[in-house]
Structures are given as C-alpha cells and as structure tokens.
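The data block below is query29.cif; it holds mmCIF, C-alpha atoms.
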```
data_protein
loop_
_atom_site.label_atom_id
_atom_site.label_comp_id
_atom_site.auth_asym_id
_atom_site.auth_seq_id
_atom_site.Cartn_x
_atom_site.Cartn_y
_atom_site.Cartn_z
CA MET U 76 60.19 195.25 108.90
CA GLU U 77 60.51 193.47 105.56
CA ASN U 78 57.63 191.28 104.36
CA LEU U 79 59.01 187.77 103.72
CA THR U 80 56.10 186.34 101.74
CA GLN U 81 58.12 186.92 98.56
CA PHE U 82 60.60 184.30 99.80
CA PRO U 83 58.62 181.02 100.11
CA ASN U 84 59.98 178.34 102.42
CA PRO U 85 61.45 175.56 100.23
CA LEU U 86 60.74 173.02 102.99
CA LEU U 87 57.08 173.92 103.54
CA GLU U 88 55.66 171.25 101.20
CA GLN U 89 57.77 168.59 102.89
CA HIS U 90 56.50 169.70 106.30
CA GLN U 91 52.94 169.58 105.03
CA ARG U 92 53.45 166.02 103.76
CA ALA U 93 54.67 165.14 107.25
CA GLU U 94 51.37 166.60 108.58
CA ALA U 95 53.19 169.22 110.60
CA GLU U 96 51.11 171.90 112.30
CA THR U 97 52.16 175.42 111.37
CA GLN U 98 51.69 178.84 112.92
CA PRO U 99 52.28 182.40 111.70
CA TYR U 100 55.53 184.18 112.49
CA GLY U 101 55.11 187.65 111.10
CA SER U 102 54.22 187.22 107.43
CA ILE U 103 55.42 183.61 107.08
CA GLU U 104 54.47 180.16 108.38
CA ILE U 105 56.76 178.18 110.66
CA VAL U 106 56.33 174.66 112.06
CA ALA U 107 54.67 174.60 115.48
CA THR U 108 55.00 170.84 115.95
CA PHE U 109 55.37 167.65 113.97
CA GLY U 110 52.55 166.17 116.04
CA GLU U 111 54.41 165.01 119.14
CA PRO U 112 55.47 168.02 121.23
CA PRO U 113 56.51 165.92 124.27
CA VAL U 114 58.77 163.73 122.09
CA GLU U 115 60.24 166.80 120.38
CA TYR U 116 60.84 168.39 123.78
CA ALA U 117 62.53 165.22 125.05
CA ALA U 118 64.84 165.23 122.01
CA LEU U 119 66.01 168.75 122.89
CA HIS U 120 66.85 167.64 126.42
CA LYS U 121 68.26 164.17 125.74
CA SER U 122 69.52 163.95 122.16
CA ALA U 123 69.05 166.48 119.35
CA GLY U 124 66.31 168.23 117.39
CA LEU U 125 66.45 169.61 113.84
CA MET U 126 64.59 172.90 113.42
CA ASP U 127 63.64 174.73 110.23
CA ARG U 128 64.15 178.48 110.78
CA PRO U 129 62.81 180.40 107.75
CA HIS U 130 62.28 183.45 109.97
CA ARG U 131 66.03 184.01 110.29
CA GLY U 132 68.35 185.57 107.73
CA ALA U 133 71.84 186.97 107.24
CA LEU U 134 73.65 190.05 105.98
CA GLU U 135 77.05 189.41 104.39
CA LEU U 136 79.97 191.83 104.77
CA THR U 137 83.14 191.45 102.72
CA GLY U 138 86.22 193.65 102.39
CA ASP U 139 89.35 194.27 104.45
CA ASP U 140 87.74 196.85 106.74
CA ARG U 141 84.56 194.95 107.60
CA LEU U 142 85.45 194.09 111.22
CA SER U 143 86.86 197.49 112.17
CA PHE U 144 83.76 199.03 110.55
CA LEU U 145 81.42 196.81 112.58
CA ASN U 146 83.37 197.54 115.75
CA GLY U 147 82.23 201.15 115.63
CA LEU U 148 78.58 200.16 115.21
CA LEU U 149 77.92 197.01 117.24
CA SER U 150 77.89 196.81 121.03
CA ASN U 151 80.41 193.98 121.25
CA VAL U 152 84.01 193.60 120.11
CA THR U 153 84.83 192.66 116.53
CA TRP U 154 88.17 194.48 116.41
CA ASP U 155 90.72 194.78 119.26
CA LYS U 156 92.00 198.35 119.03
CA VAL U 157 94.84 197.73 121.50
CA ALA U 158 96.22 194.70 119.68
CA ARG U 159 95.09 196.13 116.31
CA GLN U 160 93.66 192.74 115.47
CA PRO U 161 90.21 191.58 114.38
CA ILE U 162 88.40 188.73 116.04
CA PRO U 163 89.74 185.49 114.54
CA ALA U 164 88.14 183.55 111.73
CA GLY U 165 85.84 181.04 113.39
CA ALA U 166 84.58 183.42 116.08
CA VAL U 167 80.89 184.05 116.81
CA VAL U 168 80.00 187.26 118.69
CA TYR U 169 76.54 188.24 119.94
CA SER U 170 75.81 192.00 119.82
CA PHE U 171 73.18 194.68 119.75
CA LEU U 172 72.85 197.39 117.14
CA LEU U 173 71.71 200.53 119.00
CA ASN U 174 70.40 203.89 117.89
CA LEU U 175 71.73 207.25 119.08
CA LYS U 176 69.41 207.12 122.10
CA GLY U 177 71.05 203.88 123.19
CA ARG U 178 67.98 201.77 122.41
CA ILE U 179 68.20 198.36 120.79
CA VAL U 180 67.43 198.32 117.07
CA CYS U 181 68.09 194.57 116.79
CA ASP U 182 70.34 191.81 118.03
CA VAL U 183 72.76 189.96 115.75
CA LEU U 184 75.24 187.11 115.73
CA ALA U 185 78.45 188.20 114.00
CA ILE U 186 79.78 185.03 112.36
CA ASN U 187 83.35 185.58 111.22
CA LEU U 188 84.78 183.44 108.43
CA VAL U 189 88.11 183.72 106.63
CA ASP U 190 86.88 185.92 103.79
CA ARG U 191 83.61 187.38 105.07
CA THR U 192 81.50 188.15 108.12
CA LEU U 193 77.81 187.28 108.38
CA LEU U 194 75.33 189.08 110.62
CA GLU U 195 72.63 186.54 111.47
CA MET U 196 69.34 188.11 112.63
CA ASP U 197 65.58 188.26 112.23
CA ALA U 198 65.15 187.96 108.46
CA ARG U 199 62.69 190.86 108.40
CA LEU U 200 65.43 193.22 109.54
CA VAL U 201 68.19 192.27 107.10
CA GLU U 202 67.33 194.93 104.51
CA PRO U 203 66.63 197.72 107.05
CA VAL U 204 69.92 196.97 108.83
CA ARG U 205 71.80 196.91 105.52
CA HIS U 206 70.40 200.36 104.78
CA VAL U 207 71.48 201.64 108.20
CA LEU U 208 75.03 200.30 107.88
CA GLU U 209 75.45 201.73 104.40
CA GLN U 210 74.85 205.22 105.78
CA TYR U 211 77.99 204.87 107.90
CA LEU U 212 80.21 203.76 105.02
CA PHE U 213 82.66 206.37 103.80
CA ALA U 214 86.08 205.29 102.53
CA GLU U 215 86.05 201.86 104.23
CA LYS U 216 86.61 198.80 102.09
CA VAL U 217 83.32 197.08 102.91
CA ARG U 218 80.58 195.59 100.75
CA LEU U 219 77.18 194.52 102.06
CA ARG U 220 74.78 191.98 100.60
CA SER U 221 71.53 190.51 101.88
CA LEU U 222 71.50 186.70 101.86
CA VAL U 223 67.76 186.36 102.53
CA ALA U 224 67.05 185.22 98.97
CA ALA U 225 70.22 183.12 98.75
CA THR U 226 70.37 181.12 101.99
CA HIS U 227 68.02 179.27 104.33
CA GLU U 228 68.64 178.59 108.02
CA LEU U 229 68.41 175.26 109.81
CA ALA U 230 69.53 174.51 113.36
CA ILE U 231 70.28 171.47 115.50
CA TYR U 232 69.68 171.89 119.23
CA GLY U 233 70.26 169.60 122.19
CA PRO U 234 73.15 167.87 123.97
CA GLY U 235 73.84 165.73 120.88
CA ALA U 236 73.81 168.64 118.42
CA LEU U 237 77.51 168.69 117.59
CA ASP U 238 77.66 164.91 117.27
CA ALA U 239 74.67 165.00 114.92
CA MET U 240 76.49 167.56 112.80
CA ARG U 241 79.67 165.49 112.72
CA ARG U 242 77.80 162.41 111.55
CA ALA U 243 76.47 164.41 108.59
CA THR U 244 79.73 166.17 107.72
CA GLY U 245 82.52 163.87 108.91
CA ASP U 246 84.11 167.12 110.11
CA ASN U 247 85.70 167.23 113.57
CA THR U 248 86.63 170.93 113.42
CA THR U 249 85.92 172.69 116.71
CA ALA U 250 85.76 176.33 115.55
CA ALA U 251 82.54 178.09 116.59
CA ALA U 252 82.00 179.19 112.97
CA ARG U 253 83.20 177.30 109.91
CA SER U 254 82.38 176.12 106.42
CA VAL U 255 81.12 172.53 106.28
CA THR U 256 80.08 170.23 103.46
CA ILE U 257 76.81 168.31 103.73
CA ALA U 258 75.61 166.17 100.82
CA GLU U 259 78.28 167.88 98.69
CA VAL U 260 76.76 171.28 99.53
CA GLU U 261 78.92 173.95 101.17
CA CYS U 262 77.19 175.45 104.20
CA VAL U 263 78.13 177.76 107.07
CA ALA U 264 77.89 176.23 110.54
CA PHE U 265 77.88 178.43 113.65
CA GLU U 266 77.42 177.58 117.31
CA ASP U 267 74.43 179.09 119.08
CA ASP U 268 72.69 177.83 122.20
CA PRO U 269 69.25 179.39 122.76
CA THR U 270 67.90 176.24 124.41
CA GLY U 271 70.70 175.97 126.96
CA ARG U 272 71.58 172.42 125.90
CA GLY U 273 74.02 173.07 123.07
CA GLY U 274 73.33 173.98 119.48
CA VAL U 275 74.62 174.74 116.02
CA GLY U 276 73.00 176.76 113.23
CA LEU U 277 73.40 176.18 109.50
CA LEU U 278 73.14 178.65 106.64
CA VAL U 279 72.40 176.58 103.54
CA PRO U 280 72.18 177.62 99.87
CA ILE U 281 68.43 177.92 99.37
CA ALA U 282 68.38 175.73 96.25
CA SER U 283 69.96 172.85 98.20
CA VAL U 284 68.22 173.09 101.56
CA GLU U 285 65.93 170.09 101.02
CA ARG U 286 68.92 167.95 100.08
CA VAL U 287 70.84 169.05 103.18
CA TYR U 288 67.82 168.52 105.43
CA HIS U 289 67.43 164.91 104.20
CA ARG U 290 71.15 164.22 104.62
CA LEU U 291 71.11 165.44 108.21
CA MET U 292 68.22 163.12 109.00
CA ALA U 293 69.67 160.13 107.11
CA ALA U 294 73.09 160.48 108.75
CA ASN U 295 71.42 160.36 112.15
CA ALA U 296 68.96 157.55 111.45
CA ALA U 297 67.96 155.54 114.50
CA PRO U 298 70.45 152.73 115.25
CA GLU U 299 67.49 150.77 116.60
CA PRO U 300 63.74 151.40 116.86
CA GLY U 301 62.88 154.21 119.25
CA LYS U 302 66.48 155.44 119.53
CA ASN U 303 66.41 158.47 117.25
CA LEU U 304 69.62 160.48 117.25
CA LEU U 305 67.95 163.46 115.56
CA ARG U 306 64.27 164.36 115.39
CA PRO U 307 62.52 167.22 113.55
CA ILE U 308 61.18 169.71 116.07
CA GLY U 309 58.91 172.73 115.90
CA TRP U 310 58.45 176.04 117.66
CA ALA U 311 56.46 174.65 120.61
CA ALA U 312 59.26 172.45 121.96
CA TYR U 313 61.94 175.00 121.08
CA ASN U 314 60.05 177.81 122.79
CA THR U 315 59.65 175.83 126.02
CA CYS U 316 63.36 175.04 126.13
CA ARG U 317 64.52 178.59 125.37
CA ILE U 318 62.26 179.98 128.14
CA GLU U 319 63.68 177.36 130.55
CA ALA U 320 67.14 178.56 129.49
CA GLY U 321 66.18 182.16 130.25
CA ARG U 322 66.78 183.37 126.67
CA PRO U 323 64.67 186.43 125.79
CA LEU U 324 63.93 186.68 122.05
CA PHE U 325 63.93 189.79 119.93
CA GLY U 326 60.46 190.47 118.55
CA ILE U 327 58.80 188.46 121.33
CA ASP U 328 60.24 189.47 124.70
CA PHE U 329 61.52 192.83 123.50
CA ASP U 330 61.07 194.94 120.39
CA GLY U 331 63.50 197.10 118.48
CA ALA U 332 63.64 200.83 118.02
CA ALA U 333 63.16 202.15 114.51
CA PRO U 334 66.39 201.73 112.51
CA GLN U 335 68.24 204.99 111.98
CA THR U 336 67.57 206.80 108.75
CA ALA U 337 69.19 209.81 107.16
CA TYR U 338 68.59 213.08 109.01
CA PRO U 339 70.15 216.47 108.25
CA SER U 340 71.86 216.57 111.63
CA ARG U 341 72.55 214.52 114.73
CA LYS U 342 70.19 216.79 116.70
CA ALA U 343 67.37 216.19 114.21
CA GLN U 344 67.86 212.44 114.47
CA GLN U 345 67.86 212.53 118.27
CA GLU U 346 64.63 214.54 118.27
CA ALA U 347 63.01 212.13 115.81
CA GLU U 348 63.97 209.18 118.01
CA SER U 349 63.03 210.75 121.33
CA ASP U 350 59.78 208.79 121.52
CA ALA U 351 61.00 205.73 119.62
CA ALA U 352 60.15 202.21 120.70
CA GLY U 353 62.78 199.75 121.82
CA ILE U 354 64.48 199.00 125.09
CA LEU U 355 67.84 199.85 126.60
CA PRO U 356 70.52 197.12 126.92
CA ALA U 357 70.40 197.38 130.71
CA GLU U 358 66.72 196.41 130.50
CA ALA U 359 67.47 193.24 128.52
CA GLY U 360 68.23 191.23 131.65
CA PRO U 361 70.48 188.23 130.96
CA LEU U 362 71.39 189.48 127.48
CA PHE U 363 73.35 192.49 128.75
CA ASP U 364 76.53 190.64 129.74
CA ARG U 365 76.43 188.58 126.56
CA ALA U 366 75.98 191.50 124.16
CA ILE U 367 77.78 194.48 125.68
CA SER U 368 81.42 195.53 125.81
CA LEU U 369 82.20 198.25 128.35
CA THR U 370 85.68 198.96 126.93
CA LYS U 371 84.93 200.31 123.43
CA CYS U 372 83.00 203.03 121.62
CA TYR U 373 79.98 202.43 119.39
CA ILE U 374 76.66 204.05 118.53
CA GLY U 375 74.66 204.58 121.73
CA GLN U 376 77.62 203.69 123.95
CA GLU U 377 77.38 206.90 126.01
CA VAL U 378 73.91 205.95 127.24
CA VAL U 379 74.98 202.37 128.03
CA ALA U 380 78.06 203.55 129.97
CA ARG U 381 76.08 206.12 131.94
CA MET U 382 73.42 203.64 133.01
CA HIS U 383 76.03 201.04 133.91
CA ALA U 384 78.00 203.52 136.03
CA ARG U 385 74.89 204.57 137.92
CA GLN U 386 73.60 201.00 138.24
CA GLN U 387 70.11 202.34 137.80
CA VAL U 388 67.47 200.75 135.63
CA ALA U 389 63.74 201.35 135.87
CA ARG U 390 62.61 198.00 134.43
CA LYS U 391 64.08 194.80 133.03
CA ILE U 392 63.37 191.30 131.77
CA VAL U 393 63.22 188.74 134.59
CA GLY U 394 62.09 185.19 135.26
CA ILE U 395 58.72 184.46 136.90
CA ARG U 396 57.64 181.20 138.53
CA MET U 397 53.97 180.75 139.28
CA SER U 398 52.85 179.26 142.58
CA ASP U 399 50.84 176.60 140.72
CA GLU U 400 50.43 175.20 137.20
CA ALA U 401 48.11 177.97 136.00
CA LEU U 402 49.79 179.46 132.94
CA PRO U 403 49.60 183.23 132.31
CA LEU U 404 49.39 184.33 128.69
CA ALA U 405 51.82 186.68 127.00
CA GLY U 406 50.50 190.18 127.50
CA ALA U 407 49.08 189.46 130.98
CA PRO U 408 49.74 192.28 133.47
CA VAL U 409 52.08 191.78 136.42
CA LEU U 410 50.57 193.35 139.54
CA ASP U 411 51.83 194.45 142.95
CA ALA U 412 50.10 193.72 146.26
CA ASP U 413 47.72 196.67 145.69
CA GLN U 414 46.71 195.42 142.21
CA GLY U 415 48.72 198.17 140.52
CA GLN U 416 50.41 197.13 137.25
CA VAL U 417 54.19 196.89 137.56
CA GLY U 418 54.98 194.84 134.46
CA ILE U 419 53.84 192.55 131.67
CA VAL U 420 54.36 188.89 130.80
CA THR U 421 56.23 188.52 127.49
CA SER U 422 56.30 184.72 127.08
CA SER U 423 55.33 181.68 129.14
CA THR U 424 55.34 177.89 129.18
CA LEU U 425 54.85 174.79 131.31
CA SER U 426 58.21 173.17 132.05
CA PRO U 427 58.14 169.33 132.07
CA VAL U 428 61.57 169.10 133.74
CA LEU U 429 60.31 171.36 136.53
CA SER U 430 57.30 169.12 137.21
CA ASN U 431 55.10 171.16 134.86
CA ALA U 432 55.74 174.39 136.72
CA ALA U 433 54.33 177.46 134.99
CA ILE U 434 57.23 179.78 134.19
CA ALA U 435 57.46 183.02 132.26
CA LEU U 436 59.64 185.89 131.17
CA ALA U 437 58.33 189.33 132.02
CA PHE U 438 59.20 193.03 131.95
CA ILE U 439 58.90 194.33 135.51
CA LYS U 440 59.53 197.73 137.09
CA LYS U 441 61.95 198.38 139.93
CA PRO U 442 61.93 197.37 142.79
CA HIS U 443 59.63 194.45 141.93
CA PHE U 444 62.17 192.81 139.60
CA ASP U 445 64.49 191.76 142.46
CA PRO U 446 64.74 187.95 142.89
CA GLY U 447 62.42 186.76 145.61
CA SER U 448 59.84 189.51 145.01
CA THR U 449 56.24 188.36 145.12
CA VAL U 450 53.83 189.58 142.44
CA LYS U 451 50.32 188.80 141.23
CA ILE U 452 49.42 187.69 137.70
CA PRO U 453 46.03 186.80 136.21
CA ALA U 454 46.05 183.24 134.85
CA GLU U 455 43.20 180.93 133.89
CA GLY U 456 40.50 183.17 135.33
CA GLN U 457 42.07 184.06 138.67
CA ILE U 458 44.67 186.44 140.12
CA ARG U 459 47.51 184.16 141.21
CA THR U 460 50.74 184.54 143.15
CA ALA U 461 54.13 184.34 141.45
CA THR U 462 57.76 184.86 142.43
CA VAL U 463 60.59 186.61 140.60
CA VAL U 464 63.48 184.15 140.20
CA GLU U 465 67.03 184.13 138.85
CA LEU U 466 67.56 183.04 135.26
CA PRO U 467 67.96 180.49 133.81
CA PHE U 468 65.15 178.35 135.18
CA VAL U 469 66.97 175.18 134.06
CA THR U 470 70.67 174.57 133.54
CA GLY U 471 71.94 171.70 131.43
CA GLN U 472 75.12 169.94 130.44
CA ARG U 473 76.18 170.01 126.81
CA ALA U 474 77.33 166.80 125.26
CA GLY U 475 78.95 165.99 121.99
CA GLY U 476 81.34 168.91 122.25
#
```
Translate the structure described by the file into structure tokens.
Amino acid sequence: MENLTQFPNPLLEQHQRAEAETQPYGSIEIVATFGEPPVEYAALHKSAGLMDRPHRGALELTGDDRLSFLNGLLSNVTWDKVARQPIPAGAVVYSFLLNLKGRIVCDVLAINLVDRTLLEMDARLVEPVRHVLEQYLFAEKVRLRSLVAATHELAIYGPGALDAMRRATGDNTTAAARSVTIAEVECVAFEDDPTGRGGVGLLVPIASVERVYHRLMAANAAPEPGKNLLRPIGWAAYNTCRIEAGRPLFGIDFDGAAPQTAYPSRKAQQEAESDAAGILPAEAGPLFDRAISLTKCYIGQEVVARMHARQQVARKIVGIRMSDEALPLAGAPVLDADQGQVGIVTSSTLSPVLSNAAIALAFIKKPHFDPGSTVKIPAEGQIRTATVVELPFVTGQRAGG
C-alpha cells in the first residue's frame, strides 16, 4: 500500500487547535474524537456529523471508453451490454476489484459524472489500482489519474446529511453523484451511507478544503443554543454507527489480495496468487449483494459464479451480540462449545441505542455463522457467551432526502 505521509492533512492544524484527539490510520493521523464522543454519536443518529476523511482517495478515469473498460474489471455493472448504454451520469455503484483467483483486491465506489468517472477507495490503494488498470488498457480511449494529491475527502453522515449539504450549496439536485459549489469552490458530492442513517461524501480541491469545511459549519450554525444542525465528528462515533449498520470495512474487517502485476502468462499469475491474502466475495457477508452482479463477466467472475451456484462458503463476516456488556477486542478468537477456534472478531463496539449492548463483526466458519448459533468469546478476562445475529444490528430512517 502507498505511504500517505507525503500528503499532509490540510485540516490537521485546525483539528489540533480544537483539541481533537487523533489516532493512527496506517501512516497518517485521523481524528478519533473532538472530545465528546456521546454528543458526536447522537449527532449521527439525530442530526448530522461532519467527518474529515484523509484516509480516502480517488482515481479519475476520463475518455469515451471508461465505463465499458471498467465493466470488464469491476464486479458490478458500469455498462449495460444488452442496452449498449453506460450507467447514467449521477450514478454511484459499489464494486469489488478481484484478482484471477476471485479474491478481493479492494472495494471501490464508482462515481459517474458527465465527463469523468471517479473510483473512490482507500487512499493507500489508489496508485496500486491505477497500475493494475493500466495493464488492461489496449486500444481503449481511457486515461487514468490519481487525485490523492489534488483532492481531499469530507463526509456528512446522519439523517440530516442531505439537508446540511443543501444549506451549504443551495442546490436541490437529487442525483446520487453531482458537482456542487461550496464557498465558490467546485466539489464532487456523492451519496454513501456507511452509518445506516444517510450520508454524502465530498471530494474537495485540496487547496480549498479548509474554506469548504468552514462554510459547511457556518451554513449549519445552531439556530439556538444546543441545537446544532451539524457537528464535527471523529472515528469513534463513526465506527460505532457503521458497526451498528452492519457495514464491514476494507482494511479492518477484511483485507485485500495483492494487486495483480505483470506476469508472463495467466498460469504464472495464478500460481503466484495461489497463496495470496484476501477474501472471496461470498465471504464478505452483507457486502456481496451490494457489490456483485451475477449477469456479467469480469476478472474473477468464474470463481464468484461457481461459489454462488453451489451456495457453499466455508466462512463469512457475520454479526455477533454478546450476552452482556463485556466488549471483546478486535483479534479475539471466536470459540465453539469445545473451546476450538472457529473464527475471529474483526471490530467491536458498545451500542448506546441497544442499551450499551456489546456487538461485533466477526469472521466465522461454517456452520457456526448461521443466525442463532451460540459461540464463546474471551472478553474482559473471561470466556463469555455470544450469539450470531442478522445484520444490521440497528436500522434507521433517513431524513432530509
């Protein structure tokens, strides 16, 4: 993965002045909290929270063939071969990029605009993915450019997210992806909902991100004391909400296989990847239906189709609810009744809206991943009982849409 320390966060000094607590995310620092995690959490459930996301980045594709080109590489549809039409401008499509063994290299949001398509992803993977895609370019009219040094990502999450955006832009457009103007700065807005309460991301020119950040806050200033329409939030509150929403995250709940590199033959590449890391789409739990098309061809599609037809998967990401408030840590083993390890906890949190229930996402082997299965997990010094449950843990109503 790419080291991002060469791209300093233009908002970091402002966060430090606000006495925000930070934490490492790979090679960079992100905000953990602005000092009031319960208030930030409440904003995500009741109004809206503004999050700085320097760990995300985008790859830009331009050219007439960009969507048909992506259609042969990504796991979801960007070009309808029957209708011979691309997805429309304004569409946002979640997909996986797989290797030849059918394992996930990374997940991306394909954000389609009138004149270009952006692949939003973990910023550390933008350059490796660009390199992979360039290997598949032949005569197609496609140009690729990393935007990691040119743009910075912000996001507004919560039931009031779209209203908060409208107050800053004056724009009532309903397209899932669109250009918007904030403080006279042209940005790209795209809908994404990792917290389950509604959300919109923003790709902002990096030189203007502080100006845009201040405009978003000023446009949503409290109409009266204690009635904030938008509040800065950090990773702690965001992470609790995205676990409640049953949203596994790349790099946390599952890792990617090594991106494909040039090999002298397909056989040589398959042999090199035979022991590669990464998981199969069928193992990604709730992300499978969101990311996978079963009606098109793409890299790794044969493996996906075969597993889907057989309906056989050896392990997958599931939800876990502890029998008490003892919180297991990420990396804790999941055990069967005989104390044999059948899985591992990938992320966990205490959920305020579930009366501080301890909940987690975990990778668990068959047959223990079936809802209702009872497992054992060490937490706070004891082996405790937990139950596999359907995801999401919490469902919510979006507002402002």
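Evaluated against this file, the PyMOL selection byres ((chain U and resi 311-324) around 6) yields Ala107, Pro112, Glu115, Tyr116, Pro269, Thr270, Gly271, Gly309, Trp310, Phe325, Ile327, Asp328, Thr424, Leu466, Pro467, Phe468 and Val469 of chain U.
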*Pull out every residue that the PyMOL selection byres ((chain U and resi 132) around 8) matches in the shown coordinates and put them as a PyMOL selection string.*
chain U and resi 129-131+133-134+195-199+201+222-223+226-228
Skipping near chain neighbours, those fewer than 4 positions away, what residues fall within 8 Å of region 370-382 of chain U using all atoms listed in the file, listed as a short mmCIF file (atom, residue, chain, number, x, y, z; two decimals) with C-alpha atoms, keeping the file's coordinate frame?
```cif
data_model
loop_
_atom_site.label_atom_id
_atom_site.label_comp_id
_atom_site.auth_asym_id
_atom_site.auth_seq_id
_atom_site.Cartn_x
_atom_site.Cartn_y
_atom_site.Cartn_z
CA ASN U 146 83.37 197.54 115.75
CA GLY U 147 82.23 201.15 115.63
CA LEU U 148 78.58 200.16 115.21
CA LEU U 149 77.92 197.01 117.24
CA SER U 150 77.89 196.81 121.03
CA VAL U 152 84.01 193.60 120.11
CA LEU U 172 72.85 197.39 117.14
CA LEU U 173 71.71 200.53 119.00
CA ASN U 174 70.40 203.89 117.89
CA LEU U 175 71.73 207.25 119.08
CA LYS U 176 69.41 207.12 122.10
CA GLY U 177 71.05 203.88 123.19
CA ARG U 178 67.98 201.77 122.41
CA LEU U 355 67.84 199.85 126.60
CA PRO U 356 70.52 197.12 126.92
CA ALA U 357 70.40 197.38 130.71
CA GLN U 386 73.60 201.00 138.24
CA GLN U 387 70.11 202.34 137.80
CA VAL U 388 67.47 200.75 135.63
#
```
*Fewer than 3 positions away in the same chain doesn't count, so skip those; otherwise give me all residues within 10 Å of Ser448 (chain U), counting all atoms listed in the file, as a VMD selection string.*
chain U and resid 395 411 442 to 445 461 to 464
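Of note, CA of Glu285 (chain U) and CA of Ala239 (chain U) are spaced 17.2 Å apart.
One finds CA of Ala230 (chain U) at 11.1 Å from CA of Val263 (chain U).
Near Ile354 (chain U), within 7 Å and counting only C-alpha atoms, sit Arg178, Ile179, Gly331 and Glu358 of chain U; same-chain residues fewer than 3 positions away were not included.
Across the model, the gap from CA of Ala236 (chain U) to CA of Ala250 (chain U) is 14.5 Å.
When only C-alpha atoms are used to measure the gap to Leu291 (chain U), the shortest distance among U:Leu119, U:Val275, U:Ala258, U:Ile162 belongs to U:Ala258.
Using only C-alpha atoms, the nearest neighbour of Thr244 (chain U) within the list U:Arg385, U:Arg128, U:Arg290, U:Lys302 is U:Arg290.
Minimum atom-to-atom distances from U:Met76, U:Leu87, U:Val287, U:Ile452 to Met397 (chain U) were compared using all atoms listed in the file, and the lowest value belongs to U:Ile452.
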*asked:* So that I can check the surroundings of Gly138 (chain U), please list as a list in words every protein, DNA and RNA residue that reaches within 10 Å of it, counting all atoms listed in the file and ignoring chain neighbours fewer than 6 positions away.
replied: Asp190, Arg191, Thr192, Glu215, Lys216, Val217, Arg218 and Leu219 of chain U
